[in-house]
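Dropping query.cif in here (mmCIF, C-alpha atoms):
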data_query
loop_
_atom_site.group_PDB
_atom_site.id
_atom_site.type_symbol
_atom_site.label_atom_id
_atom_site.label_comp_id
_atom_site.auth_asym_id
_atom_site.auth_seq_id
_atom_site.Cartn_x
_atom_site.Cartn_y
_atom_site.Cartn_z
ATOM 1 C CA MET A 59 114.768 126.619 61.055
ATOM 2 C CA THR A 60 117.104 124.181 62.770
ATOM 3 C CA MET A 61 116.449 125.781 66.171
ATOM 4 C CA LEU A 62 112.693 125.745 65.502
ATOM 5 C CA ALA A 63 112.782 122.068 64.587
ATOM 6 C CA HIS A 64 114.834 121.322 67.700
ATOM 7 C CA ASN A 65 112.328 123.167 69.931
ATOM 8 C CA THR A 66 109.443 121.344 68.287
ATOM 9 C CA ARG A 67 111.073 117.966 68.915
ATOM 10 C CA THR A 68 111.795 118.978 72.512
ATOM 11 C CA ARG A 69 108.181 119.976 73.130
ATOM 12 C CA LYS A 70 106.961 116.687 71.651
ATOM 13 C CA LEU A 71 109.356 114.729 73.854
ATOM 14 C CA VAL A 72 108.247 116.593 76.978
ATOM 15 C CA ALA A 73 104.595 116.072 76.052
ATOM 16 C CA ALA A 74 105.195 112.363 75.542
ATOM 17 C CA VAL A 75 106.924 112.043 78.921
ATOM 18 C CA VAL A 76 104.109 113.935 80.681
ATOM 19 C CA ALA A 77 101.502 111.743 78.995
ATOM 20 C CA ALA A 78 103.350 108.582 80.008
ATOM 21 C CA VAL A 79 103.601 109.746 83.621
ATOM 22 C CA ALA A 80 99.890 110.578 83.621
ATOM 23 C CA VAL A 81 99.016 107.105 82.351
ATOM 24 C CA VAL A 82 101.172 105.448 85.010
ATOM 25 C CA ALA A 83 99.708 107.663 87.745
ATOM 26 C CA ALA A 84 96.185 106.889 86.605
ATOM 27 C CA GLY A 85 96.966 103.197 86.694
ATOM 28 C CA LEU A 86 98.275 103.496 90.229
ATOM 29 C CA SER A 87 95.350 105.525 91.561
ATOM 30 C CA ALA A 88 92.421 103.799 89.884
ATOM 31 C CA PRO A 89 92.197 100.021 90.377
ATOM 32 C CA THR A 90 90.957 98.124 87.351
ATOM 33 C CA PRO A 91 88.084 95.697 88.027
ATOM 34 C CA ALA A 92 88.558 91.970 87.422
ATOM 35 C CA GLN A 93 92.366 92.209 87.569
ATOM 36 C CA ALA A 94 94.303 90.637 90.424
ATOM 37 C CA GLN A 95 94.860 93.096 93.268
ATOM 38 C CA SER A 96 97.153 92.810 96.275
ATOM 39 C CA GLY A 97 95.837 92.220 99.780
ATOM 40 C CA ASN A 98 92.734 90.224 100.647
ATOM 41 C CA VAL A 99 89.313 91.433 101.741
ATOM 42 C CA VAL A 100 87.540 89.665 104.613
ATOM 43 C CA THR A 101 83.767 89.838 105.016
ATOM 44 C CA PHE A 102 81.633 89.232 108.101
ATOM 45 C CA GLY A 103 77.854 89.302 108.124
ATOM 46 C CA ASP A 104 74.576 87.530 108.754
ATOM 47 C CA SER A 105 72.272 85.784 106.283
ATOM 48 C CA TYR A 106 71.873 88.979 104.247
ATOM 49 C CA THR A 107 75.506 88.386 103.346
ATOM 50 C CA SER A 108 75.791 84.594 103.431
ATOM 51 C CA SER A 109 72.331 83.848 101.900
ATOM 52 C CA PRO A 110 72.879 80.098 101.521
ATOM 53 C CA ASP A 111 70.450 77.729 99.866
ATOM 54 C CA GLU A 112 67.528 77.592 102.264
ATOM 55 C CA TRP A 113 67.038 73.836 102.098
ATOM 56 C CA LEU A 114 70.703 72.994 102.467
ATOM 57 C CA ASN A 115 71.041 75.398 105.377
ATOM 58 C CA GLY A 116 67.971 73.934 107.072
ATOM 59 C CA MET A 117 69.298 70.405 106.727
ATOM 60 C CA LEU A 118 72.678 71.425 108.127
ATOM 61 C CA ALA A 119 71.005 72.979 111.185
ATOM 62 C CA SER A 120 68.554 70.121 111.693
ATOM 63 C CA PRO A 121 68.969 67.907 114.784
ATOM 64 C CA LEU A 122 67.739 64.999 112.673
ATOM 65 C CA PRO A 123 70.072 62.832 110.592
ATOM 66 C CA THR A 124 70.349 64.508 107.196
ATOM 67 C CA PRO A 125 72.753 64.172 104.290
ATOM 68 C CA PRO A 126 75.636 66.657 104.306
ATOM 69 C CA PRO A 127 75.605 69.551 101.846
ATOM 70 C CA PRO A 128 77.377 69.005 98.523
ATOM 71 C CA ALA A 129 81.147 69.068 98.923
ATOM 72 C CA ASP A 130 81.471 71.929 96.430
ATOM 73 C CA TYR A 131 78.895 74.167 98.130
ATOM 74 C CA PRO A 132 80.714 77.068 99.866
ATOM 75 C CA MET A 133 81.165 76.765 103.620
ATOM 76 C CA THR A 134 83.476 78.619 105.996
ATOM 77 C CA ALA A 135 83.963 77.605 109.632
ATOM 78 C CA GLY A 136 80.701 75.652 109.711
ATOM 79 C CA CYS A 137 78.543 78.238 107.915
ATOM 80 C CA LEU A 138 77.095 77.722 104.438
ATOM 81 C CA GLN A 139 77.266 80.599 101.957
ATOM 82 C CA SER A 140 75.660 81.159 98.593
ATOM 83 C CA PRO A 141 78.003 80.851 95.613
ATOM 84 C CA TYR A 142 76.242 83.967 94.277
ATOM 85 C CA ASN A 143 76.406 86.218 97.353
ATOM 86 C CA TRP A 144 77.901 89.697 97.354
ATOM 87 C CA PRO A 145 81.337 88.704 98.727
ATOM 88 C CA ARG A 146 81.834 86.371 95.752
ATOM 89 C CA GLN A 147 80.475 88.936 93.339
ATOM 90 C CA LEU A 148 82.783 91.508 94.943
ATOM 91 C CA ALA A 149 85.703 89.231 94.097
ATOM 92 C CA ASP A 150 84.440 88.958 90.528
ATOM 93 C CA LYS A 151 83.961 92.707 90.085
ATOM 94 C CA THR A 152 87.302 93.761 91.584
ATOM 95 C CA GLY A 153 89.720 90.883 91.099
ATOM 96 C CA LEU A 154 90.399 90.947 94.838
ATOM 97 C CA GLU A 155 90.855 87.844 96.954
ATOM 98 C CA VAL A 156 87.763 87.800 99.180
ATOM 99 C CA ASP A 157 87.505 85.568 102.244
ATOM 100 C CA ASP A 158 83.857 85.237 103.224
ATOM 101 C CA TRP A 159 83.292 84.584 106.938
ATOM 102 C CA SER A 160 79.596 85.474 106.993
ATOM 103 C CA CYS A 161 77.188 83.202 108.849
ATOM 104 C CA THR A 162 73.410 82.869 108.936
ATOM 105 C CA ALA A 163 71.804 84.156 112.179
ATOM 106 C CA GLN A 164 74.960 86.058 113.127
ATOM 107 C CA ASN A 165 74.565 89.017 115.447
ATOM 108 C CA THR A 166 77.181 91.577 116.400
ATOM 109 C CA ALA A 167 78.267 89.886 119.629
ATOM 110 C CA GLY A 168 78.636 86.510 117.920
ATOM 111 C CA MET A 169 80.648 88.075 115.111
ATOM 112 C CA LEU A 170 83.446 88.974 117.531
ATOM 113 C CA GLY A 171 84.241 85.297 118.002
ATOM 114 C CA ARG A 172 84.375 84.725 114.251
ATOM 115 C CA ILE A 173 86.831 87.606 113.920
ATOM 116 C CA ASP A 174 89.054 85.884 116.492
ATOM 117 C CA HIS A 175 88.726 82.638 114.544
ATOM 118 C CA ALA A 176 89.647 84.327 111.260
ATOM 119 C CA ILE A 177 92.718 85.865 112.889
ATOM 120 C CA GLU A 178 93.732 82.493 114.343
ATOM 121 C CA GLU A 179 93.374 80.916 110.896
ATOM 122 C CA GLY A 180 95.665 83.534 109.375
ATOM 123 C CA VAL A 181 92.924 85.032 107.219
ATOM 124 C CA ILE A 182 93.319 88.540 108.637
ATOM 125 C CA THR A 183 96.985 89.518 108.366
ATOM 126 C CA PRO A 184 99.076 92.702 108.155
ATOM 127 C CA SER A 185 98.600 92.609 104.373
ATOM 128 C CA THR A 186 94.793 92.497 104.556
ATOM 129 C CA ARG A 187 93.439 95.285 102.390
ATOM 130 C CA ALA A 188 89.950 95.680 103.884
ATOM 131 C CA VAL A 189 87.426 94.108 106.237
ATOM 132 C CA ILE A 190 83.713 94.591 105.586
ATOM 133 C CA PHE A 191 81.050 94.085 108.268
ATOM 134 C CA SER A 192 77.310 93.726 107.706
ATOM 135 C CA VAL A 193 75.572 92.872 110.972
ATOM 136 C CA GLY A 194 73.065 94.338 113.398
ATOM 137 C CA GLY A 195 69.661 93.182 112.207
ATOM 138 C CA ASN A 196 69.730 90.107 114.426
ATOM 139 C CA ASP A 197 70.615 92.207 117.464
ATOM 140 C CA PHE A 198 66.908 93.093 117.631
ATOM 141 C CA THR A 199 65.773 89.465 117.531
ATOM 142 C CA PRO A 200 65.121 88.042 121.020
ATOM 143 C CA ALA A 201 66.016 84.525 119.905
ATOM 144 C CA MET A 202 69.428 85.743 118.786
ATOM 145 C CA GLN A 203 70.298 87.661 121.918
ATOM 146 C CA ASN A 204 71.527 84.494 123.614
ATOM 147 C CA GLN A 205 74.848 85.389 121.985
ATOM 148 C CA GLY A 206 75.015 88.565 124.039
ATOM 149 C CA PRO A 207 73.319 90.458 126.879
ATOM 150 C CA LEU A 208 69.526 90.360 126.780
ATOM 151 C CA VAL A 209 68.318 93.929 126.414
ATOM 152 C CA SER A 210 65.014 95.413 125.333
ATOM 153 C CA SER A 211 65.717 99.124 124.915
ATOM 154 C CA THR A 212 66.506 100.290 121.388
ATOM 155 C CA GLY A 213 68.903 102.884 122.751
ATOM 156 C CA THR A 214 70.704 100.258 124.803
ATOM 157 C CA LEU A 215 70.939 97.963 121.783
ATOM 158 C CA GLN A 216 72.382 100.736 119.649
ATOM 159 C CA ALA A 217 74.940 101.621 122.318
ATOM 160 C CA GLN A 218 75.835 97.953 122.700
ATOM 161 C CA HIS A 219 76.235 97.600 118.937
ATOM 162 C CA ALA A 220 78.544 100.632 118.813
ATOM 163 C CA GLN A 221 80.672 99.214 121.626
ATOM 164 C CA GLN A 222 80.910 95.837 119.894
ATOM 165 C CA MET A 223 81.855 97.462 116.591
ATOM 166 C CA ARG A 224 84.672 99.271 118.393
ATOM 167 C CA GLN A 225 85.781 95.893 119.730
ATOM 168 C CA ALA A 226 85.647 94.473 116.203
ATOM 169 C CA ALA A 227 87.764 97.349 114.912
ATOM 170 C CA ASP A 228 90.305 96.897 117.709
ATOM 171 C CA LYS A 229 90.624 93.177 116.963
ATOM 172 C CA VAL A 230 91.250 93.774 113.265
ATOM 173 C CA ARG A 231 93.572 96.745 113.735
ATOM 174 C CA SER A 232 95.710 94.818 116.201
ATOM 175 C CA VAL A 233 96.646 92.531 113.298
ATOM 176 C CA ALA A 234 95.992 94.641 110.186
ATOM 177 C CA PRO A 235 96.480 98.283 111.208
ATOM 178 C CA GLY A 236 96.384 99.508 107.618
ATOM 179 C CA ALA A 237 93.198 97.726 106.580
ATOM 180 C CA GLN A 238 90.205 99.775 105.472
ATOM 181 C CA LEU A 239 87.192 98.976 107.666
ATOM 182 C CA VAL A 240 83.745 99.236 106.112
ATOM 183 C CA VAL A 241 80.200 98.731 107.376
ATOM 184 C CA SER A 242 77.923 97.538 104.592
ATOM 185 C CA GLY A 243 74.336 98.549 105.370
ATOM 186 C CA TYR A 244 71.286 96.457 104.623
ATOM 187 C CA PRO A 245 69.320 96.893 101.390
ATOM 188 C CA GLN A 246 65.771 98.224 101.369
ATOM 189 C CA VAL A 247 63.386 95.349 102.137
ATOM 190 C CA THR A 248 59.996 97.057 102.478
ATOM 191 C CA ASN A 249 58.648 99.998 100.513
ATOM 192 C CA GLY A 250 58.261 101.878 103.779
ATOM 193 C CA TYR A 251 54.748 100.780 104.644
ATOM 194 C CA ALA A 252 54.406 97.199 103.358
ATOM 195 C CA MET A 253 56.353 94.004 102.746
ATOM 196 C CA CYS A 254 55.437 91.938 99.713
ATOM 197 C CA PHE A 255 55.726 88.198 100.332
ATOM 198 C CA VAL A 256 53.863 86.837 97.308
ATOM 199 C CA HIS A 257 55.145 87.058 93.738
ATOM 200 C CA LEU A 258 52.959 84.904 91.523
ATOM 201 C CA ILE A 259 51.642 87.324 88.902
ATOM 202 C CA PRO A 260 54.319 89.131 86.876
ATOM 203 C CA ASN A 261 54.947 92.682 88.094
ATOM 204 C CA LEU A 262 52.167 92.448 90.686
ATOM 205 C CA PRO A 263 53.689 91.885 94.154
ATOM 206 C CA LEU A 264 51.271 91.143 96.990
ATOM 207 C CA GLY A 265 51.947 91.809 100.652
ATOM 208 C CA VAL A 266 50.782 93.124 103.990
ATOM 209 C CA PRO A 267 51.054 96.501 105.740
ATOM 210 C CA LEU A 268 54.196 96.789 107.825
ATOM 211 C CA PRO A 269 55.895 99.806 109.450
ATOM 212 C CA GLY A 270 59.030 99.055 107.484
ATOM 213 C CA ALA A 271 60.321 102.602 107.307
ATOM 214 C CA TYR A 272 60.551 102.826 111.100
ATOM 215 C CA ALA A 273 62.216 99.440 111.616
ATOM 216 C CA GLU A 274 64.646 99.746 108.723
ATOM 217 C CA GLN A 275 65.618 103.297 109.644
ATOM 218 C CA MET A 276 66.304 102.185 113.217
ATOM 219 C CA ILE A 277 68.715 99.478 112.046
ATOM 220 C CA ARG A 278 70.227 101.823 109.463
ATOM 221 C CA ASP A 279 70.904 104.451 112.132
ATOM 222 C CA MET A 280 72.407 101.827 114.416
ATOM 223 C CA GLN A 281 74.809 100.641 111.717
ATOM 224 C CA ARG A 282 75.743 104.202 110.782
ATOM 225 C CA GLN A 283 76.390 105.113 114.421
ATOM 226 C CA GLY A 284 78.377 101.926 114.972
ATOM 227 C CA ALA A 285 80.550 102.693 111.960
ATOM 228 C CA ALA A 286 81.190 106.231 113.171
ATOM 229 C CA ALA A 287 82.023 105.054 116.695
ATOM 230 C CA ALA A 288 84.561 102.561 115.340
ATOM 231 C CA GLY A 289 86.073 104.877 112.729
ATOM 232 C CA MET A 290 84.746 102.814 109.823
ATOM 233 C CA ASP A 291 83.338 103.831 106.450
ATOM 234 C CA PHE A 292 79.591 103.339 106.007
ATOM 235 C CA VAL A 293 77.959 102.165 102.777
ATOM 236 C CA ASP A 294 74.296 103.187 102.852
ATOM 237 C CA ASN A 295 72.847 100.310 100.870
ATOM 238 C CA TYR A 296 69.345 101.208 102.063
ATOM 239 C CA ALA A 297 69.469 104.469 100.121
ATOM 240 C CA LEU A 298 71.378 102.947 97.214
ATOM 241 C CA THR A 299 68.784 100.189 96.707
ATOM 242 C CA ALA A 300 65.672 102.360 97.082
ATOM 243 C CA GLY A 301 62.842 101.189 94.844
ATOM 244 C CA HIS A 302 64.241 97.667 94.460
ATOM 245 C CA ASP A 303 62.512 96.252 97.560
ATOM 246 C CA THR A 304 60.126 93.302 97.866
ATOM 247 C CA CYS A 305 57.281 95.481 96.596
ATOM 248 C CA SER A 306 59.070 96.590 93.433
ATOM 249 C CA ARG A 307 56.679 96.263 90.498
ATOM 250 C CA ASP A 308 59.555 95.566 88.137
ATOM 251 C CA ASP A 309 60.269 91.872 88.656
ATOM 252 C CA ASP A 310 63.590 92.093 86.834
ATOM 253 C CA GLN A 311 64.882 94.790 89.202
ATOM 254 C CA ARG A 312 63.801 93.289 92.538
ATOM 255 C CA TYR A 313 66.727 93.064 94.941
ATOM 256 C CA VAL A 314 64.960 91.155 97.747
ATOM 257 C CA SER A 315 62.878 88.018 97.261
ATOM 258 C CA GLY A 316 59.488 87.143 98.698
ATOM 259 C CA ILE A 317 58.337 83.892 100.294
ATOM 260 C CA VAL A 318 56.081 82.486 97.586
ATOM 261 C CA ASP A 319 58.109 83.867 94.733
ATOM 262 C CA PHE A 320 58.171 82.791 91.099
ATOM 263 C CA THR A 321 58.861 86.142 89.411
ATOM 264 C CA SER A 322 61.892 87.705 91.135
ATOM 265 C CA PRO A 323 65.441 87.231 89.848
ATOM 266 C CA ALA A 324 67.081 84.004 91.037
ATOM 267 C CA TYR A 325 67.733 83.724 94.758
ATOM 268 C CA GLU A 326 68.828 81.210 97.368
ATOM 269 C CA MET A 327 66.901 82.257 100.475
ATOM 270 C CA ALA A 328 63.406 83.692 100.917
ATOM 271 C CA VAL A 329 63.102 87.350 101.989
ATOM 272 C CA HIS A 330 66.805 87.854 101.345
ATOM 273 C CA PRO A 331 68.770 89.473 98.546
ATOM 274 C CA THR A 332 68.301 88.036 95.092
ATOM 275 C CA ASN A 333 71.439 87.331 93.104
ATOM 276 C CA LEU A 334 70.849 90.685 91.411
ATOM 277 C CA GLY A 335 70.538 92.343 94.821
ATOM 278 C CA HIS A 336 73.834 90.794 95.859
ATOM 279 C CA ALA A 337 75.377 92.182 92.659
ATOM 280 C CA ALA A 338 74.253 95.708 93.540
ATOM 281 C CA ILE A 339 75.565 95.431 97.109
ATOM 282 C CA ALA A 340 78.863 94.089 95.762
ATOM 283 C CA ALA A 341 79.141 97.077 93.430
ATOM 284 C CA HIS A 342 78.400 99.581 96.204
ATOM 285 C CA ASN A 343 81.038 97.979 98.434
ATOM 286 C CA ALA A 344 83.522 97.860 95.552
ATOM 287 C CA ARG A 345 83.143 101.611 95.078
ATOM 288 C CA ALA A 346 83.797 102.123 98.788
ATOM 289 C CA LEU A 347 87.093 100.297 98.236
ATOM 290 C CA GLY A 348 88.006 102.622 95.378
ATOM 291 C CA PHE A 349 86.790 100.621 92.379
ATOM 292 C CA THR A 350 84.709 103.165 90.522
ATOM 293 C CA ASP A 351 84.420 101.368 87.189
ATOM 294 C CA VAL A 352 81.954 98.676 88.270
ATOM 295 C CA THR A 353 78.295 98.118 87.446
ATOM 296 C CA ASP A 354 75.369 96.976 89.568
ATOM 297 C CA GLU A 355 74.577 94.178 87.133
ATOM 298 C CA ALA A 356 75.012 90.533 88.073
ATOM 299 C CA PRO A 357 77.523 88.565 85.990
ATOM 300 C CA GLU A 358 76.197 85.796 83.797
ATOM 301 C CA TRP A 359 77.266 83.052 86.199
ATOM 302 C CA ALA A 360 75.192 84.667 88.978
ATOM 303 C CA GLN A 361 72.120 84.664 86.748
ATOM 304 C CA SER A 362 72.541 81.014 85.791
ATOM 305 C CA ALA A 363 70.051 79.608 88.305
ATOM 306 C CA SER A 364 67.203 78.129 86.318
ATOM 307 C CA MET A 365 64.467 78.935 88.832
ATOM 308 C CA SER A 366 63.661 81.655 91.348
ATOM 309 C CA SER A 367 63.437 79.557 94.480
ATOM 310 C CA ALA A 368 65.438 78.363 97.426
ATOM 311 C CA LEU A 369 66.429 75.385 95.273
ATOM 312 C CA SER A 370 68.138 77.585 92.701
ATOM 313 C CA SER A 371 71.603 76.533 93.798
ATOM 314 C CA THR A 372 70.969 72.851 93.179
ATOM 315 C CA ALA A 373 69.337 73.686 89.864
ATOM 316 C CA SER A 374 72.522 75.450 88.789
ATOM 317 C CA SER A 375 75.141 73.205 90.353
ATOM 318 C CA GLY A 376 77.246 73.469 87.226
ATOM 319 C CA SER A 377 77.808 77.192 87.719
ATOM 320 C CA SER A 378 81.329 78.526 87.477
ATOM 321 C CA ALA A 379 80.814 80.929 90.359
ATOM 322 C CA PRO A 380 84.089 81.929 92.004
ATOM 323 C CA MET A 381 84.572 80.388 95.426
ATOM 324 C CA SER A 382 85.928 82.359 98.349
ATOM 325 C CA SER A 383 89.402 81.301 99.356
ATOM 326 C CA GLY A 384 88.001 80.905 102.854
ATOM 327 C CA SER A 385 85.555 78.203 101.772
ATOM 328 C CA SER A 386 86.230 74.756 103.083
#
As structure tokens:
Amino acid sequence: MTMLAHNTRTRKLVAAVVAAVAVVAAGLSAPTPAQAQSGNVVTFGDSYTSSPDEWLNGMLASPLPTPPPPADYPMTAGCLQSPYNWPRQLADKTGLEVDDWSCTAQNTAGMLGRIDHAIEEGVITPSTRAVIFSVGGNDFTPAMQNQGPLVSSTGTLQAQHAQQMRQAADKVRSVAPGAQLVVSGYPQVTNGYAMCFVHLIPNLPLGVPLPGAYAEQMIRDMQRQGAAAAGMDFVDNYALTAGHDTCSRDDDQRYVSGIVDFTSPAYEMAVHPTNLGHAAIAAHNARALGFTDVTDEAPEWAQSASMSSALSSTASSGSSAPMSSGSS
């Protein structure tokens, strides 16, 4: 009986030790959202990332004398950014320090200079955990090509984008060789054959025919190819946001706003991600970084805007949205 009792106690002790080791291992391998994590994340992108208040951004870009934006409105290196955009929601969902260097009208060539600037400012360092890029859409816009070579061929643009993404990767890896590099794709904007600009009647979006599937697939392929060429991970937000486009008949689940829009979730910029859309993109990018226990829902502070319009930020100026450490 004594030997049996001894063996029983031994088995219980071994089981307890194994269980403790398993708990510790699980804690090491699965990051817990909303808890402080080591190493910052740096984000680069165009207006589908920055998405600043449309009126404030217009005044900042105006050649006419205009009042400056509010001192507490996020801005990094001269570029305004929504307090509800996906980089800030990524910080909220993961507990990571996120430095947002996105900028409205950014194209891939112009982004290279901002990467240099971020490195000079000590934002990208050997301890940087990840860098996320979301650019390419403006590469197809003639007005934006003054930041790089003027080309008209889609194939040439895609090859140029891939080359520039390799340059971006080289710049980051020269400083942060261990950082995870991620390309965050664009969300679905059209339903494939139309874009819905008008949202006046609940759950009845109105729009015009548009070959959206062709255009969006072209940009999606370019981003995917650029990521592969540079050895980066690719987050296919187009596929992950399917059915939440401007023509979604469920107002509460629309990820991209219209132009005349009074029914979509709150947003800062017309025909850009709603705050809910930014939440979904943040969640998809968080999962790419290894945070599996996150939801696509927007936190309460990102739903606090009292109107669905480009003025939503001023209507909710009391929001407690987390500010990127790169904001100044």
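The closest residue to Gly97 (chain A), picked from A:Leu154, A:Cys137, A:Met223, A:Ala338 and counting all atoms listed in the file, is A:Leu154.
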Judged by all atoms listed in the file, the minimum distance to Gly171 (chain A) among A:Ala340, A:Val193, A:Val318, A:Ala226 is found for A:Ala226
Matched chain/residue IDs from the PyMOL selection byres ((chain A and resi 160) around 8), as a VMD selection string = chain A and resid 101 to 105 107 to 108 134 137 139 158 to 159 161 to 162 164
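When the PyMOL selection byres ((chain A and resi 257) around 7) is evaluated on the file shown here, the picked residues come out as A:Phe255, A:Val256, A:Leu258, A:Ile259, A:Leu262, A:Pro263, A:Leu264, A:Gly316, A:Val318, A:Asp319, A:Phe320, A:Thr321.
The residue set within 7 Å of Ala271 (chain A), counting only C-alpha atoms and dropping same-chain residues fewer than 3 places from it, reads Gly250, Tyr251, Glu274 and Gln275 of chain A.
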Generate a file of the selected residues that holds C-alpha atoms, formatted as a PDB file, in the coordinates of the input.
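What ended up in part25.pdb:
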ATOM      1  CA  GLY A 250      58.261 101.878 103.779  1.00  0.00           C
ATOM      2  CA  TYR A 251      54.748 100.780 104.644  1.00  0.00           C
ATOM      3  CA  GLU A 274      64.646  99.746 108.723  1.00  0.00           C
ATOM      4  CA  GLN A 275      65.618 103.297 109.644  1.00  0.00           C
TER       5      GLN A 275
END
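Of the residues under consideration (A:Val189, A:Ala360, A:Val240, A:Val100), A:Val240 shows the shortest atom-to-atom contact distance to Val293 (chain A) when counting all atoms listed in the file.
Shortest separation to Thr332 (chain A) among A:Ser140, A:Leu268, A:Gly213, A:Phe349 occurs at residue A:Ser140, atoms counted being only C-alpha atoms.
Nearest residue to Arg172 (chain A) among A:Tyr296, A:Lys229, A:Tyr142, A:Asp308 is A:Lys229, counting all atoms listed in the file.
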